[in-house]
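Everything below belongs to model25.cif, which stores mmCIF, C-alpha atoms.
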```
data_work
loop_
_atom_site.label_atom_id
_atom_site.label_comp_id
_atom_site.auth_asym_id
_atom_site.auth_seq_id
_atom_site.Cartn_x
_atom_site.Cartn_y
_atom_site.Cartn_z
CA MET A 29 94.96 92.61 95.66
CA LYS A 30 95.15 94.69 92.51
CA VAL A 31 95.30 98.37 93.50
CA LEU A 32 93.88 101.36 91.60
CA GLY A 33 95.27 104.77 92.57
CA ILE A 34 93.69 108.14 91.94
CA GLY A 35 95.44 111.45 92.50
CA ASN A 36 96.66 114.76 91.14
CA ALA A 37 98.69 113.97 88.02
CA LEU A 38 101.62 116.40 88.14
CA LEU A 39 104.89 116.42 86.27
CA ASP A 40 107.71 116.83 88.81
CA VAL A 41 110.41 119.22 87.62
CA LEU A 42 113.41 119.32 89.95
CA LEU A 43 115.67 122.36 89.52
CA ARG A 44 118.94 122.91 91.40
CA ILE A 45 119.22 126.67 91.97
CA GLU A 46 122.58 128.36 92.43
CA ASN A 47 121.50 130.54 95.37
CA ASP A 48 118.41 131.60 97.28
CA ASN A 49 118.20 134.96 95.50
CA THR A 50 116.25 133.06 92.86
CA LEU A 51 113.46 132.41 95.37
CA ALA A 52 113.24 136.10 96.26
CA GLU A 53 113.02 137.00 92.58
CA ILE A 54 110.21 134.52 92.04
CA GLY A 55 108.45 135.67 95.21
CA ILE A 56 108.31 132.30 97.00
CA GLN A 57 109.38 131.77 100.60
CA LYS A 58 112.14 129.22 101.06
CA GLY A 59 110.82 125.84 102.17
CA ALA A 60 107.22 126.71 101.29
CA MET A 61 104.78 124.66 99.22
CA ASP A 62 102.81 127.24 97.23
CA LEU A 63 100.09 126.89 94.62
CA ILE A 64 100.89 129.04 91.61
CA GLN A 65 99.22 130.05 88.35
CA GLU A 66 100.24 129.00 84.85
CA ASP A 67 101.99 132.31 84.07
CA GLN A 68 104.10 132.01 87.24
CA MET A 69 105.11 128.47 86.33
CA ARG A 70 106.15 129.53 82.85
CA ALA A 71 108.14 132.45 84.26
CA ILE A 72 110.01 130.15 86.66
CA HIS A 73 110.92 127.70 83.92
CA ARG A 74 112.07 130.48 81.58
CA ALA A 75 114.23 132.05 84.29
CA GLN A 76 115.81 128.72 85.20
CA ALA A 77 116.17 127.35 81.66
CA GLY A 78 119.93 126.84 82.00
CA LEU A 79 119.84 124.92 85.28
CA LEU A 80 120.36 121.19 85.79
CA ARG A 81 116.89 119.66 85.84
CA ASN A 82 115.17 116.30 86.21
CA GLU A 83 111.65 115.46 85.13
CA ALA A 84 109.47 112.56 86.27
CA PRO A 85 105.78 111.72 86.56
CA GLY A 86 104.72 112.78 90.02
CA GLY A 87 101.94 113.32 92.46
CA SER A 88 101.77 111.37 95.72
CA VAL A 89 99.57 108.51 94.52
CA CYS A 90 101.48 108.17 91.27
CA ASN A 91 104.67 107.70 93.29
CA THR A 92 102.99 104.95 95.30
CA MET A 93 101.58 103.11 92.28
CA ARG A 94 104.90 103.27 90.47
CA ALA A 95 106.75 101.80 93.48
CA MET A 96 104.15 99.02 93.80
CA ALA A 97 104.59 98.15 90.12
CA CYS A 98 108.37 98.09 90.54
CA LEU A 99 107.87 95.45 93.25
CA GLY A 100 105.80 93.38 90.83
CA ALA A 101 102.27 94.30 91.96
CA GLU A 102 99.43 95.00 89.57
CA ALA A 103 98.66 98.69 89.86
CA GLY A 104 96.61 101.20 87.89
CA TYR A 105 96.46 104.98 88.04
CA ILE A 106 93.76 107.55 87.30
CA GLY A 107 94.78 111.15 86.69
CA LYS A 108 94.02 114.09 84.42
CA VAL A 109 96.59 115.79 82.19
CA GLY A 110 96.69 118.24 79.31
CA THR A 111 97.09 117.59 75.61
CA ASP A 112 100.67 118.89 75.61
CA ALA A 113 103.95 116.97 75.34
CA ASN A 114 104.20 116.78 79.14
CA GLY A 115 100.88 114.93 79.30
CA ALA A 116 102.08 112.42 76.72
CA PHE A 117 105.36 111.99 78.61
CA TYR A 118 103.49 111.45 81.87
CA GLU A 119 101.35 108.63 80.51
CA GLN A 120 104.25 107.00 78.69
CA ALA A 121 106.49 107.13 81.77
CA ILE A 122 104.03 105.46 84.15
CA ARG A 123 103.23 102.80 81.55
CA LYS A 124 106.96 102.13 81.20
CA ALA A 125 107.16 101.72 84.99
CA GLY A 126 104.56 98.95 84.80
CA VAL A 127 101.52 100.94 85.95
CA THR A 128 98.33 100.66 83.89
CA PRO A 129 97.40 104.25 82.99
CA HIS A 130 93.77 105.39 83.03
CA ILE A 131 94.49 108.94 81.95
CA VAL A 132 91.89 111.61 81.23
CA ARG A 133 93.03 114.31 78.78
CA THR A 134 91.79 117.85 78.31
CA GLU A 135 92.86 120.84 76.23
CA GLY A 136 95.70 122.79 77.79
CA ILE A 137 98.96 122.15 79.61
CA THR A 138 99.63 119.49 82.21
CA GLY A 139 99.93 120.32 85.90
CA CYS A 140 103.44 120.68 87.22
CA CYS A 141 105.18 120.68 90.59
CA THR A 142 108.41 122.66 90.29
CA VAL A 143 110.83 121.73 93.06
CA LEU A 144 113.56 124.32 93.60
CA ILE A 145 116.50 122.75 95.44
CA SER A 146 118.70 125.24 97.32
CA PRO A 147 122.45 124.65 97.74
CA ASP A 148 121.82 123.53 101.35
CA GLY A 149 119.33 120.88 100.16
CA GLU A 150 116.20 122.73 101.29
CA ARG A 151 113.26 122.26 98.91
CA THR A 152 110.79 124.91 97.85
CA MET A 153 107.77 123.69 95.87
CA ALA A 154 105.70 125.70 93.43
CA THR A 155 102.69 123.72 92.20
CA PHE A 156 100.49 124.49 89.22
CA LEU A 157 97.62 122.01 89.46
CA GLY A 158 96.25 122.62 85.96
CA PRO A 159 93.83 119.94 84.73
CA ALA A 160 94.60 117.66 87.69
CA ALA A 161 92.26 119.71 89.88
CA THR A 162 89.34 119.41 87.44
CA LEU A 163 89.04 115.61 87.32
CA SER A 164 85.45 114.60 88.02
CA ALA A 165 83.78 111.30 88.83
CA SER A 166 81.73 111.61 85.63
CA GLU A 167 84.96 111.17 83.64
CA ILE A 168 85.60 107.78 85.27
CA SER A 169 83.50 104.85 84.10
CA ASP A 170 82.33 102.09 86.43
CA ASP A 171 83.97 99.55 84.09
CA LEU A 172 87.34 100.93 85.14
CA PHE A 173 86.91 99.35 88.60
CA ASP A 174 86.69 95.87 87.09
CA GLY A 175 89.48 93.60 88.31
CA TYR A 176 90.67 95.95 91.06
CA ALA A 177 90.31 95.07 94.74
CA CYS A 178 91.44 98.33 96.34
CA LEU A 179 91.18 102.06 95.61
CA TYR A 180 94.02 104.21 96.98
CA ILE A 181 93.22 107.93 97.09
CA GLU A 182 95.03 111.02 98.36
CA GLY A 183 93.54 113.48 100.83
CA TYR A 184 94.37 116.41 98.55
CA LEU A 185 91.37 115.41 96.43
CA ILE A 186 88.92 116.17 99.24
CA SER A 187 88.61 119.74 97.97
CA ASN A 188 87.31 118.44 94.62
CA ASP A 189 83.55 118.16 95.23
CA ALA A 190 82.94 116.65 91.78
CA LEU A 191 85.29 113.78 92.51
CA PHE A 192 86.00 112.88 96.13
CA LEU A 193 82.72 111.71 97.66
CA PRO A 194 81.19 110.41 94.41
CA ILE A 195 84.20 108.20 93.65
CA LEU A 196 84.31 106.86 97.21
CA GLN A 197 80.63 105.95 97.01
CA ARG A 198 81.06 104.24 93.66
CA ALA A 199 84.17 102.34 94.77
CA LYS A 200 82.34 101.12 97.87
CA ASN A 201 79.35 100.05 95.77
CA ALA A 202 81.73 98.17 93.46
CA GLY A 203 83.07 96.23 96.46
CA LEU A 204 86.56 97.78 96.54
CA LYS A 205 88.54 98.20 99.74
CA ILE A 206 89.40 101.90 100.17
CA ALA A 207 92.76 103.22 101.39
CA LEU A 208 93.14 106.95 102.07
CA ASP A 209 96.22 109.04 102.73
CA LEU A 210 95.54 112.24 104.71
CA SER A 211 98.27 114.00 102.64
CA ASN A 212 98.75 117.22 104.64
CA PHE A 213 97.85 118.57 108.10
CA ASN A 214 96.27 121.62 106.44
CA ILE A 215 93.88 119.28 104.66
CA VAL A 216 92.97 117.69 107.98
CA ASN A 217 92.46 121.04 109.69
CA GLY A 218 90.38 122.40 106.83
CA TYR A 219 88.17 119.33 106.35
CA LYS A 220 88.16 117.65 109.75
CA GLY A 221 84.38 117.50 109.94
CA LEU A 222 84.03 115.85 106.56
CA LEU A 223 86.90 113.46 107.25
CA SER A 224 85.25 112.42 110.51
CA GLU A 225 82.23 111.34 108.48
CA VAL A 226 84.06 109.88 105.49
CA ILE A 227 86.68 107.76 107.25
CA PRO A 228 84.36 105.51 109.31
CA ARG A 229 81.87 105.24 106.42
CA TYR A 230 84.16 104.46 103.49
CA VAL A 231 87.78 103.85 104.53
CA GLN A 232 89.35 100.54 105.57
CA ILE A 233 93.04 101.62 105.58
CA LEU A 234 94.17 105.11 106.65
CA PHE A 235 97.71 106.45 106.17
CA SER A 236 98.98 109.57 107.95
CA ASN A 237 102.11 111.03 109.45
CA GLU A 238 102.21 111.99 113.12
CA ILE A 239 101.34 115.66 112.47
CA GLU A 240 98.31 114.73 110.38
CA ALA A 241 97.25 112.10 112.90
CA ALA A 242 97.51 114.65 115.72
CA ALA A 243 95.43 117.13 113.74
CA TYR A 244 92.76 114.48 113.21
CA THR A 245 92.69 112.94 116.70
CA GLY A 246 94.47 115.33 119.07
CA LEU A 247 96.61 112.38 120.19
CA ASN A 248 100.23 111.31 119.84
CA ALA A 249 101.13 108.91 117.04
CA GLU A 250 100.80 105.62 118.94
CA GLU A 251 97.55 106.59 120.62
CA ALA A 252 96.18 107.92 117.33
CA ALA A 253 96.97 104.65 115.55
CA ARG A 254 95.08 102.75 118.24
CA MET A 255 92.12 105.14 118.31
CA ILE A 256 91.64 105.28 114.54
CA SER A 257 91.84 101.49 114.32
CA LYS A 258 88.72 101.27 116.47
CA GLN A 259 86.85 103.03 113.63
CA ILE A 260 88.36 101.22 110.63
CA GLU A 261 90.35 98.06 109.84
CA VAL A 262 93.91 99.42 109.81
CA SER A 263 95.57 102.72 110.72
CA VAL A 264 99.17 103.50 109.77
CA VAL A 265 100.94 106.50 111.36
CA THR A 266 104.50 107.20 110.21
CA VAL A 267 106.87 108.97 112.60
CA GLY A 268 109.92 109.78 110.45
CA LYS A 269 113.23 108.43 111.72
CA ARG A 270 111.38 106.63 114.54
CA GLY A 271 109.52 104.43 112.06
CA ALA A 272 105.75 103.91 112.22
CA PHE A 273 102.86 102.63 114.28
CA VAL A 274 100.29 100.24 112.82
CA GLY A 275 96.93 100.09 114.56
CA CYS A 276 94.39 97.27 114.29
CA SER A 277 91.37 96.51 116.51
CA GLY A 278 92.44 99.10 119.07
CA GLU A 279 95.99 97.76 119.44
CA SER A 280 99.22 99.03 117.86
CA ILE A 281 102.62 97.69 116.88
CA ALA A 282 105.79 99.77 116.49
CA ILE A 283 107.82 99.38 113.29
CA PRO A 284 111.40 100.70 113.31
CA ALA A 285 112.71 102.87 110.48
CA THR A 286 115.35 101.59 108.08
CA GLY A 287 117.92 103.38 105.96
CA ARG A 288 120.87 105.57 106.64
CA LYS A 289 121.09 109.35 107.08
CA PRO A 290 118.44 110.88 104.79
CA VAL A 291 119.52 112.88 101.77
CA ASP A 292 115.99 113.92 100.86
CA THR A 293 112.80 112.77 102.61
CA THR A 294 110.52 113.57 99.67
CA GLY A 295 108.39 110.54 98.81
CA ALA A 296 109.05 108.64 102.05
CA GLY A 297 105.38 108.41 102.96
CA ASP A 298 104.42 107.49 99.40
CA HIS A 299 106.87 104.60 99.42
CA PHE A 300 105.86 103.41 102.88
CA ALA A 301 102.29 103.18 101.58
CA ALA A 302 103.52 101.31 98.49
CA GLY A 303 105.37 98.72 100.54
CA PHE A 304 102.49 98.31 102.96
CA LEU A 305 99.87 97.86 100.23
CA PHE A 306 102.18 95.48 98.38
CA GLY A 307 102.56 93.41 101.53
CA LEU A 308 98.79 93.21 101.92
CA SER A 309 98.48 92.22 98.26
CA GLN A 310 100.79 89.28 99.02
CA LYS A 311 98.72 88.33 102.10
CA THR A 312 101.54 89.00 104.58
CA THR A 313 100.90 90.04 108.18
CA LEU A 314 100.40 93.71 109.03
CA CYS A 315 103.80 93.74 110.73
CA ARG A 316 105.54 92.30 107.67
CA ALA A 317 103.68 94.69 105.34
CA ALA A 318 104.83 97.64 107.45
CA GLN A 319 108.41 96.35 107.42
CA ILE A 320 108.29 96.32 103.61
CA GLY A 321 106.98 99.88 103.73
CA SER A 322 109.82 100.89 106.02
CA LEU A 323 112.34 99.26 103.67
CA LEU A 324 111.08 101.25 100.68
CA ALA A 325 110.94 104.50 102.64
CA GLY A 326 114.49 103.89 103.83
CA HIS A 327 115.70 103.59 100.25
CA VAL A 328 113.92 106.62 98.79
CA ILE A 329 115.29 108.99 101.45
CA GLU A 330 118.82 108.09 100.35
CA THR A 331 118.32 109.68 96.94
CA VAL A 332 117.26 113.08 95.61
CA GLY A 333 113.66 113.06 94.43
CA PRO A 334 110.56 111.00 95.15
CA GLN A 335 111.59 107.89 93.21
CA ILE A 336 114.03 105.07 93.91
CA PRO A 337 116.55 104.68 91.07
CA ASP A 338 115.68 101.86 88.67
CA GLU A 339 118.96 100.01 89.22
CA LEU A 340 118.17 99.42 92.91
CA TRP A 341 114.86 97.61 92.45
CA SER A 342 116.25 94.14 91.76
CA GLN A 343 118.14 94.26 95.07
CA ILE A 344 115.07 95.61 96.90
CA LYS A 345 112.84 92.89 95.47
CA LEU A 346 115.22 90.21 96.75
CA LYS A 347 115.05 91.73 100.24
CA VAL A 348 111.25 91.88 100.07
CA GLU A 349 111.04 88.24 98.99
CA LYS A 350 113.06 87.20 102.03
CA MET A 351 110.87 89.36 104.29
CA SER A 352 107.69 87.84 102.86
CA ILE A 353 108.63 84.23 103.61
#
```

What does this structure look like when you write it as structure tokens?
Amino acid sequence: MKVLGIGNALLDVLLRIENDNTLAEIGIQKGAMDLIQEDQMRAIHRAQAGLLRNEAPGGSVCNTMRAMACLGAEAGYIGKVGTDANGAFYEQAIRKAGVTPHIVRTEGITGCCTVLISPDGERTMATFLGPAATLSASEISDDLFDGYACLYIEGYLISNDALFLPILQRAKNAGLKIALDLSNFNIVNGYKGLLSEVIPRYVQILFSNEIEAAAYTGLNAEEAARMISKQIEVSVVTVGKRGAFVGCSGESIAIPATGRKPVDTTGAGDHFAAGFLFGLSQKTTLCRAAQIGSLLAGHVIETVGPQIPDELWSQIKLKVEKMSI
């Protein structure tokens, strides 16, 4: 199962701030995830120019596609970036990771998620969406679906009327299986009516965490996994350190979490989805696919940032091979 991902293409810039006074100066509440304008983003980067920083191609779906490629799966990614150096870096970096880029470019600067890491490890995110939010279905040709068996899409895109429903309809018409991640409980609360129509009509695999699942169903995680799986083929509900529940045909199985004490939980859900979709691409059972997802999530929470370090992938792949037998 060759998977095509589509999401907000954002350059992740991780900055370690010296104290929380910086957040007050910028005007962002600690621990918040705020959307900001281009001038605010530039001001933040100027003010923090001397800090230790890391840059990587980001966005939830990009993280998932990159992790799938690192496992050896065939994965592609659709996103929209600017014509600046960051856009060129973004495309080059995902290609280097083994993901086939299907990148749309437009005049201007690339979207950016600036992650401000406080001394106590708390993360505050300031996101400038830039061109990512303007991607439309008309910029994606039907030929691009050729060879792919599954479309993986993030719930954040539901607010993009020119993209979300049209691309789901076209992917369904092209015969692709559709996997959706609910992304954020605010998305679920804001678009619950539309999601209630879209999920049974277009989606075969639904990913959510327990808060998102509760917002969608009003049920606890295990019950939600069972209920959703009566509407679609597979429902996956992650529950943090307790693991996950996988629902199918009205039944659910519990999958324990792996990993040690988390250093940073950013990207855990993205990597669970990557492991799960990889398992399905290798025709494993749902239980085994979820165990692979748990393995990847357990590794990413042991590092700072939403990506597993390159040097760990050979060891992870050996573990996955043993799990897949």

At a cut-off of 8 Å, can you tabulate as a Markdown table every residue of range 139-197 of chain A near range 217-231 of chain A together with its closest atom pair and the distance in Å to one decimal, using all atoms listed in the file and ordering rows by chain then number?
```
| residue | atom | partner | partner_atom | distance |
| --- | --- | --- | --- | --- |
| A:Ile186 | CA | A:Tyr219 | CA | 7.8 |
| A:Leu196 | CA | A:Tyr230 | CA | 6.7 |
| A:Gln197 | CA | A:Tyr230 | CA | 7.5 |
```

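Interatomic distance, CA of His73 in chain A against CA of Ile137 in chain A: 13.9 Å.
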
So what does the PyMOL selection byres ((chain A and resi 38) around 8) actually pick up in this one, as a PyMOL selection string? chain A and resi 36-37+39-40+85-87+109+138-141+157+160

Got a sec to resolve the PyMOL selection byres ((chain A and resi 134) around 9) on this structure and send the residues as a list in words?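 Listing what the PyMOL selection byres ((chain A and resi 134) around 9) selects in the shown file: Lys108, Val109, Gly110, Thr111, Val132, Arg133, Glu135, Gly136, Ile137, Thr138 and Pro159 of chain A.
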
Identify all residues satisfying the PyMOL selection byres ((chain A and resi 307) around 12) in the given file; provide them as a PyMOL selection string. chain A and resi 29-31+96+99-101+300-306+308-324+345+348-349+351-353

Please write the residues from the selection above to a file, keeping C-alpha atoms, as a PDB file, in the frame of the given file.
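The resulting file, again11.pdb, is reproduced below:
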```pdb
ATOM      1  CA  MET A  29      94.960  92.610  95.660  1.00  0.00           C
ATOM      2  CA  LYS A  30      95.150  94.690  92.510  1.00  0.00           C
ATOM      3  CA  VAL A  31      95.300  98.370  93.500  1.00  0.00           C
ATOM      4  CA  MET A  96     104.150  99.020  93.800  1.00  0.00           C
ATOM      5  CA  LEU A  99     107.870  95.450  93.250  1.00  0.00           C
ATOM      6  CA  GLY A 100     105.800  93.380  90.830  1.00  0.00           C
ATOM      7  CA  ALA A 101     102.270  94.300  91.960  1.00  0.00           C
ATOM      8  CA  PHE A 300     105.860 103.410 102.880  1.00  0.00           C
ATOM      9  CA  ALA A 301     102.290 103.180 101.580  1.00  0.00           C
ATOM     10  CA  ALA A 302     103.520 101.310  98.490  1.00  0.00           C
ATOM     11  CA  GLY A 303     105.370  98.720 100.540  1.00  0.00           C
ATOM     12  CA  PHE A 304     102.490  98.310 102.960  1.00  0.00           C
ATOM     13  CA  LEU A 305      99.870  97.860 100.230  1.00  0.00           C
ATOM     14  CA  PHE A 306     102.180  95.480  98.380  1.00  0.00           C
ATOM     15  CA  LEU A 308      98.790  93.210 101.920  1.00  0.00           C
ATOM     16  CA  SER A 309      98.480  92.220  98.260  1.00  0.00           C
ATOM     17  CA  GLN A 310     100.790  89.280  99.020  1.00  0.00           C
ATOM     18  CA  LYS A 311      98.720  88.330 102.100  1.00  0.00           C
ATOM     19  CA  THR A 312     101.540  89.000 104.580  1.00  0.00           C
ATOM     20  CA  THR A 313     100.900  90.040 108.180  1.00  0.00           C
ATOM     21  CA  LEU A 314     100.400  93.710 109.030  1.00  0.00           C
ATOM     22  CA  CYS A 315     103.800  93.740 110.730  1.00  0.00           C
ATOM     23  CA  ARG A 316     105.540  92.300 107.670  1.00  0.00           C
ATOM     24  CA  ALA A 317     103.680  94.690 105.340  1.00  0.00           C
ATOM     25  CA  ALA A 318     104.830  97.640 107.450  1.00  0.00           C
ATOM     26  CA  GLN A 319     108.410  96.350 107.420  1.00  0.00           C
ATOM     27  CA  ILE A 320     108.290  96.320 103.610  1.00  0.00           C
ATOM     28  CA  GLY A 321     106.980  99.880 103.730  1.00  0.00           C
ATOM     29  CA  SER A 322     109.820 100.890 106.020  1.00  0.00           C
ATOM     30  CA  LEU A 323     112.340  99.260 103.670  1.00  0.00           C
ATOM     31  CA  LEU A 324     111.080 101.250 100.680  1.00  0.00           C
ATOM     32  CA  LYS A 345     112.840  92.890  95.470  1.00  0.00           C
ATOM     33  CA  VAL A 348     111.250  91.880 100.070  1.00  0.00           C
ATOM     34  CA  GLU A 349     111.040  88.240  98.990  1.00  0.00           C
ATOM     35  CA  MET A 351     110.870  89.360 104.290  1.00  0.00           C
ATOM     36  CA  SER A 352     107.690  87.840 102.860  1.00  0.00           C
ATOM     37  CA  ILE A 353     108.630  84.230 103.610  1.00  0.00           C
TER      38      ILE A 353
END
```

Among listed residues A:Val127, A:Arg151, A:Val89, A:Leu185, nearest Ala60 in chain A (using all atoms listed in the file):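 Nearest to Ala60 in chain A: A:Arg151.
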
When you look at Gly104 in chain A with a cut-off of 9 Å (counting all atoms listed in the file), what residues show up, excluding the ones that are within fewer than 4 positions of it in the same chain? I need them as a list of chain:residue names.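 The filter keeps A:Lys30, A:Val31, A:Leu32, A:Gly33, A:Ile34, A:Met93, A:Arg94, A:Ala97, A:Gly126, A:Val127, A:Thr128, A:Pro129, A:His130, A:Tyr176.
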
Residues from last step as file, C-alpha atoms, as a compact mmCIF listing (two decimals), keeping the file's coordinate frame:
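Ended up saving to result-v5.txt:
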```
# COMPACT_ATOMS: atom_id res chain seq x y z
CA LYS A 30 95.15 94.69 92.51
CA VAL A 31 95.30 98.37 93.50
CA LEU A 32 93.88 101.36 91.60
CA GLY A 33 95.27 104.77 92.57
CA ILE A 34 93.69 108.14 91.94
CA MET A 93 101.58 103.11 92.28
CA ARG A 94 104.90 103.27 90.47
CA ALA A 97 104.59 98.15 90.12
CA GLY A 126 104.56 98.95 84.80
CA VAL A 127 101.52 100.94 85.95
CA THR A 128 98.33 100.66 83.89
CA PRO A 129 97.40 104.25 82.99
CA HIS A 130 93.77 105.39 83.03
CA TYR A 176 90.67 95.95 91.06
```

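What separates CA of Met153 in chain A from CA of Leu179 in chain A is a distance of 27.3 Å.
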
Within 6 Å of (112.5, 123.3, 101.7) (coordinates as in the file), grab all the protein and nucleic acid residues, counting all atoms listed in the file, and write them out as a PyMOL selection string. chain A and resi 58-59+150-152

Neighbours of Asn188 in chain A within 9 Å (all atoms listed in the file; same-chain residues fewer than 3 positions away dropped), as a VMD selection string? chain A and resid 161 to 164 184 to 185 191 to 193

Distance CA of Thr331 in chain A-CA of Ser211 in chain A, one decimal place?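 Going from CA of Thr331 in chain A over to CA of Ser211 in chain A covers 21.3 Å.
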
Do you know which residues are at most 7 Å from Ser280 in chain A counting only C-alpha atoms, after dropping those on the same chain fewer than 6 positions away, and could you put them as a ChimeraX atom specification? /A:250,253-254,273-274

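The residue that comes closest to Arg44 in chain A, out of A:Leu208, A:Ala77, A:Ala95, A:Ile145 and on the basis of all atoms listed in the file, is A:Ile145.
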
Minimum-distance residue to Ala243 in chain A, chosen among A:Gly268, A:Asn212, A:Gly278, A:Leu63 (using only C-alpha atoms):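 Closest to Ala243 in chain A of all the choices is A:Asn212.
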
Could you check the closest approach to Gln335 in chain A for each of A:Ile256, A:Ala84, A:Leu210, A:Ile45 and tell me which residue wins, using only C-alpha atoms?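 The shortest atom-to-atom distance to Gln335 in chain A comes from A:Ala84.
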
For Pro337 in chain A, which of A:Val264, A:Ala125, A:Ile281, A:Ile168 is the closest residue, counting all atoms listed in the file?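 Looking only at the distances to Pro337 in chain A, the closest residue turns out to be A:Ala125.
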
Which is closest to Asp292 in chain A among A:Ile329, A:Cys178, A:Val216, A:Ile106, if we use all atoms listed in the file? A:Ile329

Here's a test: counting all atoms listed in the file, identify every protein, DNA and RNA residue with an atom at most 6 Å from (114.3, 110.3, 101.8) in the file's coordinate frame, and state them as a ChimeraX atom specification. /A:290-294,296,328-330

Please output range 189-195 of chain A, rebuilt to include all heavy atoms, as a short mmCIF file (atom, residue, chain, number, x, y, z; two decimals), in the frame of the given file.
```
data_model
loop_
_atom_site.label_atom_id
_atom_site.label_comp_id
_atom_site.auth_asym_id
_atom_site.auth_seq_id
_atom_site.Cartn_x
_atom_site.Cartn_y
_atom_site.Cartn_z
N ASP A 189 84.91 118.64 94.94
CA ASP A 189 83.55 118.16 95.23
C ASP A 189 83.01 117.24 94.14
O ASP A 189 82.19 116.36 94.42
CB ASP A 189 82.59 119.34 95.40
CG ASP A 189 82.90 120.17 96.63
OD1 ASP A 189 83.53 119.63 97.57
OD2 ASP A 189 82.53 121.36 96.66
N ALA A 190 83.45 117.46 92.90
CA ALA A 190 82.94 116.65 91.78
C ALA A 190 83.58 115.27 91.73
O ALA A 190 83.17 114.43 90.92
CB ALA A 190 83.18 117.39 90.46
N LEU A 191 84.56 115.04 92.58
CA LEU A 191 85.29 113.78 92.51
C LEU A 191 85.27 112.98 93.81
O LEU A 191 84.94 111.79 93.80
CB LEU A 191 86.75 114.05 92.11
CG LEU A 191 87.69 112.84 92.09
CD1 LEU A 191 87.27 111.86 91.01
CD2 LEU A 191 89.14 113.27 91.91
N PHE A 192 85.63 113.61 94.92
CA PHE A 192 86.00 112.88 96.13
C PHE A 192 84.88 111.97 96.66
O PHE A 192 85.02 110.74 96.66
CB PHE A 192 86.45 113.86 97.21
CG PHE A 192 87.07 113.21 98.41
CD1 PHE A 192 88.32 112.61 98.33
CD2 PHE A 192 86.41 113.17 99.63
CE1 PHE A 192 88.90 112.00 99.43
CE2 PHE A 192 86.99 112.58 100.74
CZ PHE A 192 88.23 111.99 100.64
N LEU A 193 83.79 112.54 97.11
CA LEU A 193 82.72 111.71 97.66
C LEU A 193 82.07 110.79 96.62
O LEU A 193 81.84 109.61 96.89
CB LEU A 193 81.66 112.58 98.33
CG LEU A 193 81.91 112.96 99.78
CD1 LEU A 193 80.80 113.86 100.31
CD2 LEU A 193 82.05 111.73 100.66
N PRO A 194 81.79 111.31 95.40
CA PRO A 194 81.19 110.41 94.41
C PRO A 194 82.03 109.18 94.09
O PRO A 194 81.49 108.08 93.95
CB PRO A 194 81.03 111.32 93.18
CG PRO A 194 80.93 112.70 93.73
CD PRO A 194 81.83 112.71 94.91
N ILE A 195 83.35 109.35 94.01
CA ILE A 195 84.20 108.20 93.65
C ILE A 195 84.32 107.23 94.82
O ILE A 195 84.41 106.00 94.62
CB ILE A 195 85.58 108.66 93.14
CG1 ILE A 195 86.13 107.64 92.13
CG2 ILE A 195 86.57 108.87 94.25
CD1 ILE A 195 85.36 107.56 90.85
#
```
